[in-house]
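Quick notes on the structure that follows.
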2 protein chains.
Amino acid sequence: MTTDQTPLTPIVPVAFGQRRQEVVARIKDYIVANSLKPGDPLPTETELCEAIGASRSSVREAVKTLAALDIVEVRHGHGTFVGSLSLAALVESLAFRGLLSGEDDHRVLGQVVEVRQTLEQGLSSQIINNTTRADHARLLDLAQEMVERADRGEDFLEVDRQFHLKLMEPLGSDLLLQLTEAFWQVQAIVAPTLRPEPPAHILTARLHVAIAEAIAQGDESDLRTAIADHYAPVRSAIAQAHRRG
Amino acid sequence: MTTDQTPLTPIVPVAFGQRRQEVVARIKDYIVANSLKPGDPLPTETELCEAIGASRSSVREAVKTLAALDIVEVRHGHGTFVGSLSLAALVESLAFRGLLSGEDDHRVLGQVVEVRQTLEQGLSSQIINNTTRADHARLLDLAQEMVERADRGEDFLEVDRQFHLKLMEPLGSDLLLQLTEAFWQVQAIVAPTLRPEPPAHILTARLHVAIAEAIAQGDESDLRTAIADHYAPVRSAIAQAHRRG
DNA sequence: TGGGATTTGTACGTATGTATA
DNA sequence: TTATACATACGTACAAATCCC
């Protein structure tokens, strides 16, 4: 027998001006009811129209809404699939706010930095208790690569990203990993409006080494301090920009 | 003279299969370039079509994408406006994930609780240092109202929400407030799948009083403990459900 | 290699519900 | 109440991408 499948629910009688929202709900229900996982195929647009009882325009607009939340993913000429359920929407949302606040006002950026620091400091003891020697070595490697690249005048964005993800990885929380990724991306998008000078880059790179060493030595107090120091350059750049503006 | 206004950029020559994304970018650019604020009106759909040079379908789908991120807000029969830039998308995204993970697996819920606790504990000292006597009184009032309602067998969801928002309010960070609101909502949506017993509710309510008292007395250590205790009932309910599943 | 079938992307026309003056 | 402006919804036609035989 084929796998039992919960069908899509037709709309039938719904007030005007709510078709799209209803279609959104139907598609979400369909995914939940059938316990679909990221990558699983959804019915084609035509099938969705027939099953739900809405026009293709309504279905397409609903699908676009879900796509913005990464609940579904649409591939041109191929089909519609369950999305990867990332926090891409959070990145979009916060990054736009950061850019909208403008050149002079870096409030959003400052608040993002504050949250990042709070999370990393707050999880210090758990990071120390859940990292292995291999983790320590990897973190030190990444930190040293950042220093080398900074000294050569190269950027080390991607290495920095990997470092902060690696920091959270041992905690085994998808949510923490994705929040880290999201906030990191927001900062990466918005921070360039600060136009920080290279010396700050070099200092920031070196301060990652202190973080890695504190973890390796299992010193929680040192780790919290190192994390705070590491965010200091960005903080001061924000404060400086605020004085200029 | 009227206010100078940066116009919408036409698309002109763009690869097929990217119209909608281009329109999304144009609208975002338009908002940023004109420094529009939440509630400010955007051009009508017709005007957007003409100015950008895309069909109504493309424009509508693009607007729906932006609406999902709360970057724009559409009012039927009235017009399109800049959205309130909330984290509604984060709530949608996480809540869906929580519901999708199913009755048996409350991983997402557990991770949300972990993040909430980490943030509140990590901000303990700042909460203590930034609250006034009026804040202390208000927090105690809310906590006591929760106890009363719990004793009467009523739910105290809304009071709980206000309590946790009030906790973050003195820190003056929009982002922290909205993250608090978002995570709270996710928990409020997903937690009912746990079907916790009333005794846990009463205990949870009482533990809010301990939080409020610790803040009033300025004891950071007590506050961190009280926060951890306050999340203990949910944690154990999650663990219990995990054993059952 | 190619070509046809499937599926999504774009465009346009029309009718209708909704909000405001 | 009427008039106007606006978003909502449906249907059709065709373009473009992907897949498979």
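Each chain of the structure tokens is named A, B, ... in the order shown, its residues numbered from 1; ligands are numbered from 1 in display order.
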- Message: I need the chain B residues near chain C as an MDAnalysis selection string; criterion: at most 10 Å, counting only C-alpha atoms (C1' of nucleotides).
- Response: chainID B and resid 16:20 54:58 75:79
- Dump as a list of chain:residue names the residues of chain A that approach chain B to within 6 Å, counting only C-alpha atoms. A:Val32, A:Glu61, A:Lys64, A:Thr65, A:Ala68, A:Leu69, A:Leu90, A:Ser93, A:Leu100, A:Thr118, A:Gly122
Output the selection as a compact mmCIF listing (two decimals), in the first residue's frame - all heavy atoms for each residue.
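Result file out.txt:
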```
# COMPACT_ATOMS: atom_id res chain seq x y z
N VAL A 32 2.32 19.90 8.15
CA VAL A 32 2.32 19.36 9.51
C VAL A 32 1.60 18.02 9.57
O VAL A 32 2.10 17.06 10.16
CB VAL A 32 1.66 20.37 10.49
CG1 VAL A 32 1.49 19.73 11.87
CG2 VAL A 32 2.50 21.63 10.59
N GLU A 61 0.70 33.74 -4.50
CA GLU A 61 1.00 34.75 -3.48
C GLU A 61 1.18 34.11 -2.11
O GLU A 61 2.05 34.50 -1.33
CB GLU A 61 -0.12 35.81 -3.45
CG GLU A 61 -0.09 36.71 -4.67
CD GLU A 61 -1.25 37.69 -4.68
OE1 GLU A 61 -1.91 37.86 -3.65
OE2 GLU A 61 -1.51 38.29 -5.74
N LYS A 64 4.53 32.45 -2.00
CA LYS A 64 5.60 33.46 -1.85
C LYS A 64 5.73 33.90 -0.40
O LYS A 64 6.82 34.17 0.09
CB LYS A 64 5.34 34.67 -2.75
CG LYS A 64 6.07 34.59 -4.08
CD LYS A 64 5.67 33.36 -4.82
CE LYS A 64 6.67 32.97 -5.90
NZ LYS A 64 6.29 31.66 -6.49
N THR A 65 4.61 34.00 0.27
CA THR A 65 4.63 34.33 1.70
C THR A 65 5.38 33.26 2.47
O THR A 65 6.27 33.56 3.29
CB THR A 65 3.19 34.44 2.24
OG1 THR A 65 2.55 35.55 1.62
CG2 THR A 65 3.19 34.64 3.75
N ALA A 68 9.12 33.28 1.85
CA ALA A 68 9.84 34.34 2.57
C ALA A 68 10.22 33.87 3.97
O ALA A 68 11.20 34.34 4.54
CB ALA A 68 8.99 35.61 2.65
N LEU A 69 9.43 32.94 4.52
CA LEU A 69 9.71 32.43 5.86
C LEU A 69 10.55 31.16 5.80
O LEU A 69 10.80 30.53 6.83
CB LEU A 69 8.38 32.16 6.59
CG LEU A 69 7.45 33.35 6.72
CD1 LEU A 69 6.12 32.93 7.31
CD2 LEU A 69 8.08 34.43 7.58
N LEU A 90 14.61 36.14 9.77
CA LEU A 90 15.12 37.00 10.84
C LEU A 90 16.26 37.87 10.32
O LEU A 90 16.33 39.06 10.62
CB LEU A 90 15.60 36.14 12.01
CG LEU A 90 16.26 36.89 13.17
CD1 LEU A 90 15.31 37.87 13.81
CD2 LEU A 90 16.79 35.91 14.21
N SER A 93 14.86 40.58 8.03
CA SER A 93 14.12 41.54 8.83
C SER A 93 15.06 42.49 9.59
O SER A 93 14.95 43.71 9.50
CB SER A 93 13.23 40.77 9.80
OG SER A 93 12.26 41.59 10.35
N LEU A 100 18.02 50.56 7.42
CA LEU A 100 17.06 51.66 7.41
C LEU A 100 17.39 52.70 8.47
O LEU A 100 17.15 53.89 8.28
CB LEU A 100 15.64 51.11 7.64
CG LEU A 100 14.50 52.13 7.57
CD1 LEU A 100 14.53 52.87 6.24
CD2 LEU A 100 13.16 51.44 7.76
N THR A 118 25.79 38.78 25.12
CA THR A 118 25.03 38.19 26.24
C THR A 118 24.91 36.68 26.09
O THR A 118 25.10 35.93 27.05
CB THR A 118 23.62 38.81 26.31
OG1 THR A 118 23.73 40.22 26.48
CG2 THR A 118 22.84 38.23 27.48
N GLY A 122 26.78 34.21 28.51
CA GLY A 122 25.87 33.43 29.32
C GLY A 122 26.06 31.94 29.16
O GLY A 122 25.69 31.16 30.04
```
- Item | Shortest interatomic distance to Asp155 (chain B) - which of B:Val82, B:Val23, B:Ala200, B:Ala95, counting only C-alpha atoms | B:Ala200
Counting only C-alpha atoms (C1' of nucleotides), give me one row per residue of chain D with an atom at most 9 Å from an atom of chain B, showing the shortest contact pair and its distance in Å to one decimal, sorted by chain then residue number, as a tab-separated table.
```
residue	atom	partner	partner_atom	distance
D:DA5	C1'	B:Gly77	CA	8.0
D:DC6	C1'	B:Gly77	CA	4.6
D:DA7	C1'	B:Gly77	CA	4.8
D:DT8	C1'	B:His76	CA	7.7
D:DA15	C1'	B:Phe16	CA	8.7
D:DA16	C1'	B:Phe16	CA	7.2
D:DA17	C1'	B:Gly17	CA	8.8
```
May I have the residues from that selection written out with N, CA and C atoms (P, O5', C5', C4', C3', O3' and C1' of nucleotides), as a PDB file, in the first residue's frame?
```pdb
ATOM      1  P    DA D   5     -10.271  58.673  -8.671  1.00  0.00           P
ATOM      2  O5'  DA D   5      -9.259  57.945  -7.671  1.00  0.00           O
ATOM      3  C5'  DA D   5      -9.150  58.401  -6.326  1.00  0.00           C
ATOM      4  C4'  DA D   5      -8.701  57.260  -5.441  1.00  0.00           C
ATOM      5  C3'  DA D   5      -7.626  56.367  -6.063  1.00  0.00           C
ATOM      6  O3'  DA D   5      -6.599  56.151  -5.117  1.00  0.00           O
ATOM      7  C1'  DA D   5      -9.424  55.049  -5.301  1.00  0.00           C
ATOM      8  P    DC D   6      -5.194  55.519  -5.613  1.00  0.00           P
ATOM      9  O5'  DC D   6      -5.246  54.045  -5.051  1.00  0.00           O
ATOM     10  C5'  DC D   6      -5.473  53.839  -3.658  1.00  0.00           C
ATOM     11  C4'  DC D   6      -5.951  52.421  -3.407  1.00  0.00           C
ATOM     12  C3'  DC D   6      -5.130  51.355  -4.113  1.00  0.00           C
ATOM     13  O3'  DC D   6      -4.149  50.846  -3.209  1.00  0.00           O
ATOM     14  C1'  DC D   6      -7.501  50.859  -4.040  1.00  0.00           C
ATOM     15  P    DA D   7      -3.199  49.613  -3.658  1.00  0.00           P
ATOM     16  O5'  DA D   7      -3.917  48.304  -3.112  1.00  0.00           O
ATOM     17  C5'  DA D   7      -4.197  48.175  -1.740  1.00  0.00           C
ATOM     18  C4'  DA D   7      -5.189  47.041  -1.507  1.00  0.00           C
ATOM     19  C3'  DA D   7      -4.644  45.645  -1.794  1.00  0.00           C
ATOM     20  O3'  DA D   7      -5.088  44.752  -0.780  1.00  0.00           O
ATOM     21  C1'  DA D   7      -6.585  46.034  -3.101  1.00  0.00           C
ATOM     22  P    DT D   8      -4.602  43.213  -0.864  1.00  0.00           P
ATOM     23  O5'  DT D   8      -5.815  42.502  -1.597  1.00  0.00           O
ATOM     24  C5'  DT D   8      -7.062  42.365  -0.910  1.00  0.00           C
ATOM     25  C4'  DT D   8      -7.983  41.491  -1.724  1.00  0.00           C
ATOM     26  C3'  DT D   8      -7.408  40.135  -2.126  1.00  0.00           C
ATOM     27  O3'  DT D   8      -8.285  39.113  -1.661  1.00  0.00           O
ATOM     28  C1'  DT D   8      -8.398  41.206  -3.984  1.00  0.00           C
ATOM     29  P    DA D  15       5.756  33.066 -26.140  1.00  0.00           P
ATOM     30  O5'  DA D  15       6.839  33.230 -24.973  1.00  0.00           O
ATOM     31  C5'  DA D  15       6.923  34.464 -24.259  1.00  0.00           C
ATOM     32  C4'  DA D  15       7.853  34.302 -23.062  1.00  0.00           C
ATOM     33  C3'  DA D  15       9.142  33.541 -23.350  1.00  0.00           C
ATOM     34  O3'  DA D  15      10.213  34.171 -22.663  1.00  0.00           O
ATOM     35  C1'  DA D  15       7.947  32.440 -21.626  1.00  0.00           C
ATOM     36  P    DA D  16      11.727  33.747 -22.976  1.00  0.00           P
ATOM     37  O5'  DA D  16      12.060  32.803 -21.738  1.00  0.00           O
ATOM     38  C5'  DA D  16      11.964  33.338 -20.421  1.00  0.00           C
ATOM     39  C4'  DA D  16      12.196  32.247 -19.402  1.00  0.00           C
ATOM     40  C3'  DA D  16      13.429  31.368 -19.656  1.00  0.00           C
ATOM     41  O3'  DA D  16      14.192  31.311 -18.473  1.00  0.00           O
ATOM     42  C1'  DA D  16      11.521  30.020 -19.278  1.00  0.00           C
ATOM     43  P    DA D  17      15.674  30.674 -18.495  1.00  0.00           P
ATOM     44  O5'  DA D  17      15.467  29.372 -17.589  1.00  0.00           O
ATOM     45  C5'  DA D  17      15.063  29.541 -16.240  1.00  0.00           C
ATOM     46  C4'  DA D  17      14.647  28.207 -15.661  1.00  0.00           C
ATOM     47  C3'  DA D  17      15.722  27.122 -15.732  1.00  0.00           C
ATOM     48  O3'  DA D  17      15.916  26.593 -14.437  1.00  0.00           O
ATOM     49  C1'  DA D  17      13.654  26.316 -16.582  1.00  0.00           C
TER      50       DA D  17
END
```
- Item | Backbone-only DSSP, helix (DSSP H, G or I) members of region 90-206 of chain A, as a ChimeraX atom specification | /A:90-100,107-122,124-130,133-151,157-171,174-194,198-206
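In this structure, CA of Ala143 (chain A) sits 12.7 Å away from CA of His201 (chain A).
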With only C-alpha atoms (C1' of nucleotides) as the counted atoms, please give the residues lying no more than 9 Å from Ile215 (chain A), apart from itself and same-chain residues fewer than 2 positions off, as a tab-separated table (two decimals) with all heavy atoms, in the first residue's frame.
```tsv
chain	number	residue	atom	x	y	z
A	124	SER	N	29.05	30.59	28.61
A	124	SER	CA	30.48	30.32	28.81
A	124	SER	C	30.74	28.99	29.49
A	124	SER	O	31.53	28.17	29.01
A	124	SER	CB	31.11	31.45	29.64
A	124	SER	OG	31.21	32.62	28.87
A	127	ILE	N	29.93	26.09	27.35
A	127	ILE	CA	30.90	25.94	26.26
A	127	ILE	C	32.13	25.22	26.78
A	127	ILE	O	32.65	24.28	26.16
A	127	ILE	CB	31.27	27.32	25.68
A	127	ILE	CG1	30.08	27.92	24.92
A	127	ILE	CG2	32.49	27.22	24.78
A	127	ILE	CD1	30.32	29.33	24.43
A	128	ILE	N	32.61	25.66	27.94
A	128	ILE	CA	33.81	25.04	28.52
A	128	ILE	C	33.58	23.56	28.83
A	128	ILE	O	34.43	22.72	28.56
A	128	ILE	CB	34.23	25.80	29.79
A	128	ILE	CG1	34.82	27.16	29.38
A	128	ILE	CG2	35.23	25.01	30.61
A	128	ILE	CD1	35.20	28.04	30.56
A	131	THR	N	33.24	21.21	25.39
A	131	THR	CA	34.22	21.18	24.31
A	131	THR	C	35.29	20.13	24.60
A	131	THR	O	35.68	19.93	25.74
A	131	THR	CB	34.90	22.55	24.13
A	131	THR	OG1	35.21	23.10	25.42
A	131	THR	CG2	33.99	23.52	23.41
A	136	HIS	N	39.07	22.54	21.02
A	136	HIS	CA	40.04	23.57	21.40
A	136	HIS	C	41.03	23.83	20.28
A	136	HIS	O	41.32	24.97	19.93
A	136	HIS	CB	40.79	23.16	22.67
A	136	HIS	CG	39.90	22.88	23.84
A	136	HIS	ND1	40.31	22.16	24.94
A	136	HIS	CD2	38.61	23.23	24.08
A	136	HIS	CE1	39.30	22.06	25.80
A	136	HIS	NE2	38.27	22.71	25.31
A	210	ALA	N	42.47	34.92	22.40
A	210	ALA	CA	42.25	34.91	23.85
A	210	ALA	C	41.01	34.09	24.21
A	210	ALA	O	41.00	33.36	25.21
A	210	ALA	CB	42.09	36.35	24.36
A	211	ILE	N	39.98	34.19	23.39
A	211	ILE	CA	38.77	33.40	23.64
A	211	ILE	C	39.09	31.91	23.56
A	211	ILE	O	38.75	31.12	24.46
A	211	ILE	CB	37.67	33.76	22.61
A	211	ILE	CG1	37.20	35.20	22.81
A	211	ILE	CG2	36.49	32.80	22.73
A	211	ILE	CD1	36.15	35.67	21.81
A	212	ALA	N	39.77	31.53	22.49
A	212	ALA	CA	40.11	30.12	22.30
A	212	ALA	C	40.97	29.60	23.44
A	212	ALA	O	40.76	28.48	23.94
A	212	ALA	CB	40.82	29.93	20.96
A	213	GLU	N	41.92	30.41	23.88
A	213	GLU	CA	42.81	29.97	24.97
A	213	GLU	C	42.06	29.83	26.29
A	213	GLU	O	42.30	28.88	27.04
A	213	GLU	CB	43.98	30.95	25.11
A	213	GLU	CG	44.99	30.83	23.97
A	213	GLU	CD	46.08	31.92	24.05
A	213	GLU	OE1	45.86	32.90	24.79
A	213	GLU	OE2	47.10	31.78	23.36
A	217	GLN	N	41.78	26.40	28.46
A	217	GLN	CA	42.24	26.32	29.84
A	217	GLN	C	41.09	26.17	30.84
A	217	GLN	O	41.31	26.04	32.04
A	217	GLN	CB	43.06	27.57	30.19
A	217	GLN	CG	44.41	27.60	29.46
A	217	GLN	CD	45.08	28.95	29.55
A	217	GLN	OE1	44.64	29.81	30.31
A	217	GLN	NE2	46.14	29.13	28.76
A	218	GLY	N	39.86	26.22	30.31
A	218	GLY	CA	38.71	26.00	31.17
A	218	GLY	C	38.47	27.09	32.19
A	218	GLY	O	37.86	26.87	33.22
A	219	ASP	N	38.93	28.29	31.89
A	219	ASP	CA	38.75	29.40	32.83
A	219	ASP	C	37.54	30.23	32.42
A	219	ASP	O	37.61	31.04	31.49
A	219	ASP	CB	40.03	30.25	32.83
A	219	ASP	CG	39.98	31.29	33.96
A	219	ASP	OD1	38.90	31.86	34.21
A	219	ASP	OD2	41.03	31.50	34.59
A	220	GLU	N	36.44	30.06	33.13
A	220	GLU	CA	35.20	30.72	32.75
A	220	GLU	C	35.30	32.23	32.87
A	220	GLU	O	34.81	32.97	32.02
A	220	GLU	CB	34.04	30.21	33.61
A	220	GLU	CG	32.71	30.78	33.18
A	220	GLU	CD	31.56	30.29	34.07
A	220	GLU	OE1	31.68	29.21	34.67
A	220	GLU	OE2	30.55	31.01	34.15
A	222	ASP	N	37.97	34.14	32.67
A	222	ASP	CA	38.77	34.64	31.56
A	222	ASP	C	37.96	34.67	30.27
A	222	ASP	O	38.07	35.60	29.46
A	222	ASP	CB	40.01	33.75	31.36
A	222	ASP	CG	41.16	34.18	32.27
A	222	ASP	OD1	40.92	35.07	33.12
A	222	ASP	OD2	42.27	33.62	32.13
A	223	LEU	N	37.18	33.62	30.08
A	223	LEU	CA	36.40	33.51	28.84
A	223	LEU	C	35.40	34.67	28.72
A	223	LEU	O	35.30	35.31	27.67
A	223	LEU	CB	35.67	32.17	28.79
A	223	LEU	CG	34.76	31.95	27.57
A	223	LEU	CD1	35.51	32.23	26.27
A	223	LEU	CD2	34.20	30.54	27.57
```
